[in-house]
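Source file: data.cif. Holds: mmCIF, N, CA and C atoms.
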data_coords
#
loop_
_atom_site.label_atom_id
_atom_site.label_comp_id
_atom_site.auth_asym_id
_atom_site.auth_seq_id
_atom_site.Cartn_x
_atom_site.Cartn_y
_atom_site.Cartn_z
N MET A 1 35.36 -7.04 90.64
CA MET A 1 36.22 -8.12 90.24
C MET A 1 37.43 -7.54 89.52
N ILE A 2 38.59 -8.04 89.88
CA ILE A 2 39.82 -7.58 89.24
C ILE A 2 40.31 -8.66 88.27
N ARG A 3 41.29 -8.30 87.50
CA ARG A 3 41.80 -9.17 86.43
C ARG A 3 42.18 -10.56 86.96
N SER A 4 42.90 -10.62 88.08
CA SER A 4 43.34 -11.92 88.61
C SER A 4 42.14 -12.77 89.03
N GLU A 5 41.09 -12.16 89.55
CA GLU A 5 39.89 -12.90 89.92
C GLU A 5 39.18 -13.43 88.68
N LEU A 6 39.15 -12.62 87.63
CA LEU A 6 38.55 -13.04 86.38
C LEU A 6 39.31 -14.21 85.78
N LEU A 7 40.63 -14.14 85.81
CA LEU A 7 41.44 -15.26 85.31
C LEU A 7 41.22 -16.53 86.14
N ALA A 8 41.12 -16.39 87.46
CA ALA A 8 40.88 -17.55 88.33
C ALA A 8 39.52 -18.17 88.01
N LYS A 9 38.51 -17.35 87.79
CA LYS A 9 37.17 -17.86 87.44
C LYS A 9 37.20 -18.55 86.09
N LEU A 10 37.91 -17.98 85.14
CA LEU A 10 38.04 -18.58 83.81
C LEU A 10 38.69 -19.95 83.90
N ARG A 11 39.71 -20.07 84.69
CA ARG A 11 40.39 -21.37 84.86
C ARG A 11 39.52 -22.35 85.63
N GLN A 12 38.75 -21.87 86.58
CA GLN A 12 37.86 -22.74 87.35
C GLN A 12 36.77 -23.32 86.44
N GLU A 13 36.23 -22.49 85.57
CA GLU A 13 35.17 -22.93 84.66
C GLU A 13 35.71 -23.77 83.50
N ASN A 14 37.00 -23.63 83.19
CA ASN A 14 37.64 -24.35 82.10
C ASN A 14 38.93 -24.99 82.59
N PRO A 15 38.84 -26.08 83.35
CA PRO A 15 40.04 -26.66 83.96
C PRO A 15 41.05 -27.20 82.95
N HIS A 16 40.62 -27.40 81.70
CA HIS A 16 41.55 -27.90 80.69
C HIS A 16 42.51 -26.81 80.21
N LEU A 17 42.24 -25.54 80.55
CA LEU A 17 43.12 -24.44 80.15
C LEU A 17 44.26 -24.27 81.14
N SER A 18 45.44 -24.07 80.61
CA SER A 18 46.57 -23.75 81.49
C SER A 18 46.46 -22.29 81.90
N ALA A 19 47.22 -21.89 82.88
CA ALA A 19 47.21 -20.50 83.33
C ALA A 19 47.63 -19.58 82.18
N LEU A 20 48.62 -19.99 81.43
CA LEU A 20 49.10 -19.18 80.30
C LEU A 20 48.05 -19.08 79.20
N ALA A 21 47.38 -20.18 78.91
CA ALA A 21 46.34 -20.16 77.87
C ALA A 21 45.18 -19.26 78.27
N ALA A 22 44.77 -19.32 79.54
CA ALA A 22 43.68 -18.47 80.02
C ALA A 22 44.06 -17.01 79.94
N GLU A 23 45.28 -16.70 80.34
CA GLU A 23 45.75 -15.31 80.30
C GLU A 23 45.85 -14.81 78.86
N ASN A 24 46.34 -15.65 77.96
CA ASN A 24 46.42 -15.28 76.55
C ASN A 24 45.03 -15.05 75.95
N ALA A 25 44.08 -15.87 76.32
CA ALA A 25 42.71 -15.72 75.82
C ALA A 25 42.12 -14.40 76.30
N LEU A 26 42.28 -14.10 77.57
CA LEU A 26 41.75 -12.85 78.12
C LEU A 26 42.44 -11.64 77.48
N ASP A 27 43.76 -11.71 77.34
CA ASP A 27 44.50 -10.61 76.70
C ASP A 27 44.03 -10.39 75.27
N THR A 28 43.81 -11.47 74.53
CA THR A 28 43.36 -11.36 73.14
C THR A 28 41.99 -10.68 73.07
N ILE A 29 41.07 -11.09 73.92
CA ILE A 29 39.73 -10.50 73.92
C ILE A 29 39.80 -9.01 74.24
N LEU A 30 40.52 -8.66 75.30
CA LEU A 30 40.61 -7.25 75.70
C LEU A 30 41.34 -6.41 74.66
N ASP A 31 42.39 -6.96 74.06
CA ASP A 31 43.12 -6.24 73.01
C ASP A 31 42.24 -5.97 71.79
N GLU A 32 41.45 -6.95 71.41
CA GLU A 32 40.57 -6.78 70.24
C GLU A 32 39.49 -5.74 70.51
N ILE A 33 38.94 -5.74 71.72
CA ILE A 33 37.94 -4.73 72.08
C ILE A 33 38.58 -3.35 72.04
N ALA A 34 39.76 -3.21 72.63
CA ALA A 34 40.45 -1.92 72.65
C ALA A 34 40.80 -1.45 71.24
N GLU A 35 41.25 -2.37 70.40
CA GLU A 35 41.61 -2.01 69.03
C GLU A 35 40.39 -1.53 68.25
N ALA A 36 39.29 -2.24 68.38
CA ALA A 36 38.07 -1.85 67.67
C ALA A 36 37.59 -0.47 68.14
N LEU A 37 37.63 -0.23 69.44
CA LEU A 37 37.20 1.07 69.96
C LEU A 37 38.12 2.19 69.49
N SER A 38 39.42 1.91 69.43
CA SER A 38 40.37 2.95 69.01
C SER A 38 40.17 3.32 67.54
N GLN A 39 39.61 2.40 66.76
CA GLN A 39 39.32 2.66 65.35
C GLN A 39 37.93 3.25 65.15
N GLY A 40 37.21 3.47 66.25
CA GLY A 40 35.89 4.08 66.16
C GLY A 40 34.75 3.10 65.95
N HIS A 41 35.03 1.81 66.06
CA HIS A 41 33.99 0.79 65.88
C HIS A 41 33.22 0.57 67.19
N ARG A 42 32.06 -0.03 67.05
CA ARG A 42 31.23 -0.39 68.19
C ARG A 42 31.45 -1.86 68.48
N VAL A 43 31.51 -2.24 69.75
CA VAL A 43 31.70 -3.63 70.14
C VAL A 43 30.47 -4.06 70.93
N GLU A 44 29.78 -5.08 70.42
CA GLU A 44 28.57 -5.56 71.09
C GLU A 44 28.78 -6.99 71.55
N LEU A 45 28.56 -7.21 72.84
CA LEU A 45 28.62 -8.55 73.41
C LEU A 45 27.20 -8.91 73.81
N ARG A 46 26.54 -9.74 73.02
CA ARG A 46 25.13 -10.07 73.24
C ARG A 46 24.92 -10.59 74.65
N GLY A 47 23.89 -10.07 75.29
CA GLY A 47 23.57 -10.48 76.64
C GLY A 47 24.38 -9.74 77.70
N PHE A 48 25.36 -8.96 77.30
CA PHE A 48 26.19 -8.21 78.25
C PHE A 48 26.03 -6.71 78.04
N GLY A 49 26.33 -6.24 76.83
CA GLY A 49 26.21 -4.82 76.55
C GLY A 49 27.05 -4.43 75.37
N SER A 50 27.11 -3.13 75.13
CA SER A 50 27.91 -2.65 74.00
C SER A 50 28.81 -1.52 74.45
N PHE A 51 29.99 -1.50 73.85
CA PHE A 51 30.98 -0.46 74.08
C PHE A 51 31.06 0.36 72.81
N PHE A 52 31.13 1.66 72.95
CA PHE A 52 31.31 2.51 71.78
C PHE A 52 32.01 3.77 72.21
N SER A 53 32.64 4.43 71.24
CA SER A 53 33.36 5.65 71.56
C SER A 53 32.73 6.81 70.81
N LYS A 54 32.84 7.97 71.40
CA LYS A 54 32.37 9.20 70.78
C LYS A 54 33.53 10.18 70.79
N VAL A 55 33.47 11.12 69.86
CA VAL A 55 34.53 12.13 69.78
C VAL A 55 34.05 13.40 70.45
N ARG A 56 34.83 13.90 71.37
CA ARG A 56 34.58 15.22 71.94
C ARG A 56 35.28 16.22 71.05
N VAL A 57 34.56 17.20 70.60
CA VAL A 57 35.14 18.18 69.68
C VAL A 57 36.17 19.06 70.40
N ALA A 58 37.05 19.65 69.61
CA ALA A 58 38.04 20.58 70.17
C ALA A 58 37.29 21.78 70.75
N ARG A 59 37.83 22.32 71.81
CA ARG A 59 37.17 23.46 72.45
C ARG A 59 38.21 24.33 73.14
N THR A 60 37.77 25.48 73.57
CA THR A 60 38.63 26.35 74.35
C THR A 60 38.23 26.20 75.81
N GLY A 61 39.19 25.76 76.63
CA GLY A 61 38.95 25.63 78.06
C GLY A 61 39.67 26.74 78.80
N ARG A 62 39.67 26.64 80.12
CA ARG A 62 40.36 27.62 80.94
C ARG A 62 41.27 26.93 81.93
N ASN A 63 42.46 27.47 82.09
CA ASN A 63 43.38 27.00 83.11
C ASN A 63 42.79 27.42 84.45
N PRO A 64 42.47 26.47 85.34
CA PRO A 64 41.82 26.84 86.60
C PRO A 64 42.70 27.71 87.52
N ARG A 65 44.00 27.58 87.39
CA ARG A 65 44.90 28.34 88.26
C ARG A 65 45.03 29.79 87.80
N THR A 66 45.21 29.98 86.49
CA THR A 66 45.48 31.33 85.98
C THR A 66 44.28 31.96 85.28
N GLY A 67 43.32 31.14 84.87
CA GLY A 67 42.17 31.66 84.16
C GLY A 67 42.42 31.90 82.68
N GLU A 68 43.63 31.59 82.21
CA GLU A 68 43.96 31.79 80.81
C GLU A 68 43.26 30.77 79.93
N PRO A 69 42.86 31.16 78.73
CA PRO A 69 42.25 30.20 77.80
C PRO A 69 43.27 29.17 77.33
N VAL A 70 42.82 27.93 77.19
CA VAL A 70 43.68 26.83 76.75
C VAL A 70 42.92 26.05 75.68
N GLU A 71 43.60 25.76 74.58
CA GLU A 71 42.97 24.96 73.53
C GLU A 71 43.01 23.48 73.93
N VAL A 72 41.84 22.84 73.96
CA VAL A 72 41.73 21.42 74.28
C VAL A 72 41.47 20.68 72.96
N PRO A 73 42.36 19.75 72.59
CA PRO A 73 42.20 19.05 71.31
C PRO A 73 41.01 18.07 71.35
N PRO A 74 40.55 17.63 70.19
CA PRO A 74 39.47 16.63 70.17
C PRO A 74 39.96 15.32 70.79
N LYS A 75 39.06 14.62 71.47
CA LYS A 75 39.41 13.36 72.12
C LYS A 75 38.29 12.36 71.92
N ARG A 76 38.65 11.08 72.01
CA ARG A 76 37.65 10.02 72.03
C ARG A 76 37.41 9.62 73.48
N HIS A 77 36.17 9.38 73.82
CA HIS A 77 35.87 8.82 75.12
C HIS A 77 34.91 7.65 74.94
N MET A 78 34.96 6.71 75.84
CA MET A 78 34.23 5.46 75.71
C MET A 78 32.94 5.49 76.51
N HIS A 79 31.95 4.82 75.95
CA HIS A 79 30.67 4.63 76.64
C HIS A 79 30.39 3.14 76.71
N PHE A 80 29.62 2.76 77.71
CA PHE A 80 29.15 1.38 77.83
C PHE A 80 27.66 1.43 78.07
N ARG A 81 26.94 0.61 77.33
CA ARG A 81 25.50 0.51 77.56
C ARG A 81 25.20 -0.95 77.84
N ALA A 82 24.67 -1.20 79.03
CA ALA A 82 24.35 -2.57 79.44
C ALA A 82 23.15 -3.08 78.66
N SER A 83 23.15 -4.38 78.37
CA SER A 83 22.02 -4.98 77.67
C SER A 83 20.85 -5.14 78.64
N ARG A 84 19.69 -5.32 78.07
CA ARG A 84 18.49 -5.51 78.89
C ARG A 84 18.64 -6.76 79.77
N GLN A 85 19.25 -7.84 79.21
CA GLN A 85 19.44 -9.07 79.98
C GLN A 85 20.33 -8.82 81.19
N LEU A 86 21.40 -8.05 81.01
CA LEU A 86 22.31 -7.76 82.12
C LEU A 86 21.61 -6.90 83.17
N LEU A 87 20.88 -5.90 82.73
CA LEU A 87 20.16 -5.05 83.67
C LEU A 87 19.13 -5.85 84.46
N ASN A 88 18.40 -6.74 83.79
CA ASN A 88 17.42 -7.58 84.49
C ASN A 88 18.10 -8.49 85.50
N ARG A 89 19.24 -9.04 85.11
CA ARG A 89 19.97 -9.93 86.01
C ARG A 89 20.48 -9.18 87.24
N ILE A 90 21.01 -7.98 87.02
CA ILE A 90 21.50 -7.16 88.14
C ILE A 90 20.36 -6.81 89.08
N ASN A 91 19.25 -6.36 88.51
CA ASN A 91 18.12 -5.95 89.33
C ASN A 91 17.47 -7.13 90.06
N ARG A 92 17.46 -8.30 89.45
CA ARG A 92 16.92 -9.48 90.10
C ARG A 92 17.80 -9.88 91.28
N LEU A 93 19.10 -9.76 91.13
CA LEU A 93 20.03 -10.14 92.21
C LEU A 93 19.98 -9.16 93.37
N THR A 94 19.69 -7.88 93.10
CA THR A 94 19.72 -6.90 94.18
C THR A 94 18.35 -6.56 94.71
N ALA A 95 17.29 -7.15 94.13
CA ALA A 95 15.94 -6.85 94.59
C ALA A 95 15.73 -7.40 96.01
N PRO A 96 15.10 -6.61 96.88
CA PRO A 96 14.87 -7.11 98.24
C PRO A 96 13.86 -8.26 98.23
N GLY A 97 14.02 -9.15 99.17
CA GLY A 97 13.02 -10.21 99.29
C GLY A 97 13.56 -11.51 99.10
#
Could you show the structure in this file as structure tokens?
Amino acid sequence: MIRSELLAKLRQENPHLSALAAENALDTILDEIAEALSQGHRVELRGFGSFFSKVRVARTGRNPRTGEPVEVPPKRHMHFRASRQLLNRINRLTAPG
């Protein structure tokens, strides 16, 4: 599902929302999640899952072309862990039979 499909579904489920209001609501939710993650906080959406970031420590890497050592600065990377409810729902939908 892409952003436009998500917005269309949001408007379909909430016909009282204008296109602009639906887009603003989605932007606000995504911005708040991104802001919390950038500050190192964990974001938990009950029944869906949790987003959290971890810091990769600085290290010495290698330039693949020249083989020279390169200092790689510390970085944050994001993880997502699906909730048990989401996993059960996914597995129920894809189970044969």
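Neighbouring residues of Ser50 in chain A at 8 Å or closer, counting all atoms listed in the file and skipping chain neighbours under 4 positions away, are A:Arg42, A:Val43, A:Glu44, A:Leu45, A:Arg46, A:His79, A:Phe80, A:Arg81, A:Ala82, A:Ser83.
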Write the selection just made, keeping N, CA and C atoms, as a PDB file, in the coordinates of the input?
ATOM      1  N   ARG A  42      32.060  -0.030  67.050  1.00  0.00           N
ATOM      2  CA  ARG A  42      31.230  -0.390  68.190  1.00  0.00           C
ATOM      3  C   ARG A  42      31.450  -1.860  68.480  1.00  0.00           C
ATOM      4  N   VAL A  43      31.510  -2.240  69.750  1.00  0.00           N
ATOM      5  CA  VAL A  43      31.700  -3.630  70.140  1.00  0.00           C
ATOM      6  C   VAL A  43      30.470  -4.060  70.930  1.00  0.00           C
ATOM      7  N   GLU A  44      29.780  -5.080  70.420  1.00  0.00           N
ATOM      8  CA  GLU A  44      28.570  -5.560  71.090  1.00  0.00           C
ATOM      9  C   GLU A  44      28.780  -6.990  71.550  1.00  0.00           C
ATOM     10  N   LEU A  45      28.560  -7.210  72.840  1.00  0.00           N
ATOM     11  CA  LEU A  45      28.620  -8.550  73.410  1.00  0.00           C
ATOM     12  C   LEU A  45      27.200  -8.910  73.810  1.00  0.00           C
ATOM     13  N   ARG A  46      26.540  -9.740  73.020  1.00  0.00           N
ATOM     14  CA  ARG A  46      25.130 -10.070  73.240  1.00  0.00           C
ATOM     15  C   ARG A  46      24.920 -10.590  74.650  1.00  0.00           C
ATOM     16  N   HIS A  79      31.950   4.820  75.950  1.00  0.00           N
ATOM     17  CA  HIS A  79      30.670   4.630  76.640  1.00  0.00           C
ATOM     18  C   HIS A  79      30.390   3.140  76.710  1.00  0.00           C
ATOM     19  N   PHE A  80      29.620   2.760  77.710  1.00  0.00           N
ATOM     20  CA  PHE A  80      29.150   1.380  77.830  1.00  0.00           C
ATOM     21  C   PHE A  80      27.660   1.430  78.070  1.00  0.00           C
ATOM     22  N   ARG A  81      26.940   0.610  77.330  1.00  0.00           N
ATOM     23  CA  ARG A  81      25.500   0.510  77.560  1.00  0.00           C
ATOM     24  C   ARG A  81      25.200  -0.950  77.840  1.00  0.00           C
ATOM     25  N   ALA A  82      24.670  -1.200  79.030  1.00  0.00           N
ATOM     26  CA  ALA A  82      24.350  -2.570  79.440  1.00  0.00           C
ATOM     27  C   ALA A  82      23.150  -3.080  78.660  1.00  0.00           C
ATOM     28  N   SER A  83      23.150  -4.380  78.370  1.00  0.00           N
ATOM     29  CA  SER A  83      22.020  -4.980  77.670  1.00  0.00           C
ATOM     30  C   SER A  83      20.850  -5.140  78.640  1.00  0.00           C
TER      31      SER A  83
END
Strand (DSSP E) call set, DSSP backbone run, range 2-91 of chain A, as a PyMOL selection string: chain A and resi 43-45+49-56+59-62+69-72+75-82
Straight-line distance linking atom C of Leu20 in chain A with CA of Glu35 in chain A, stated in Å to one decimal: 20.9 Å
Residue IDs satisfying the PyMOL selection byres (((chain A and resi 55-63 and name CA) around 10) and name CA), as number ranges by chain: A: 40, 53-54, 64-78
Would you give the centre and edge lengths, in Å to one decimal, of a box along x, y and z around the listed atoms of range 39-51 of chain A, with 6 Å added to each side, as AutoDock Vina command-line options?
--center_x 31.6 --center_y -3.3 --center_z 71.7 --size_x 28.0 --size_y 26.7 --size_z 25.1
Distance in Å - CA of His16 in chain A versus CA of Leu30 in chain A: 21.3 Å
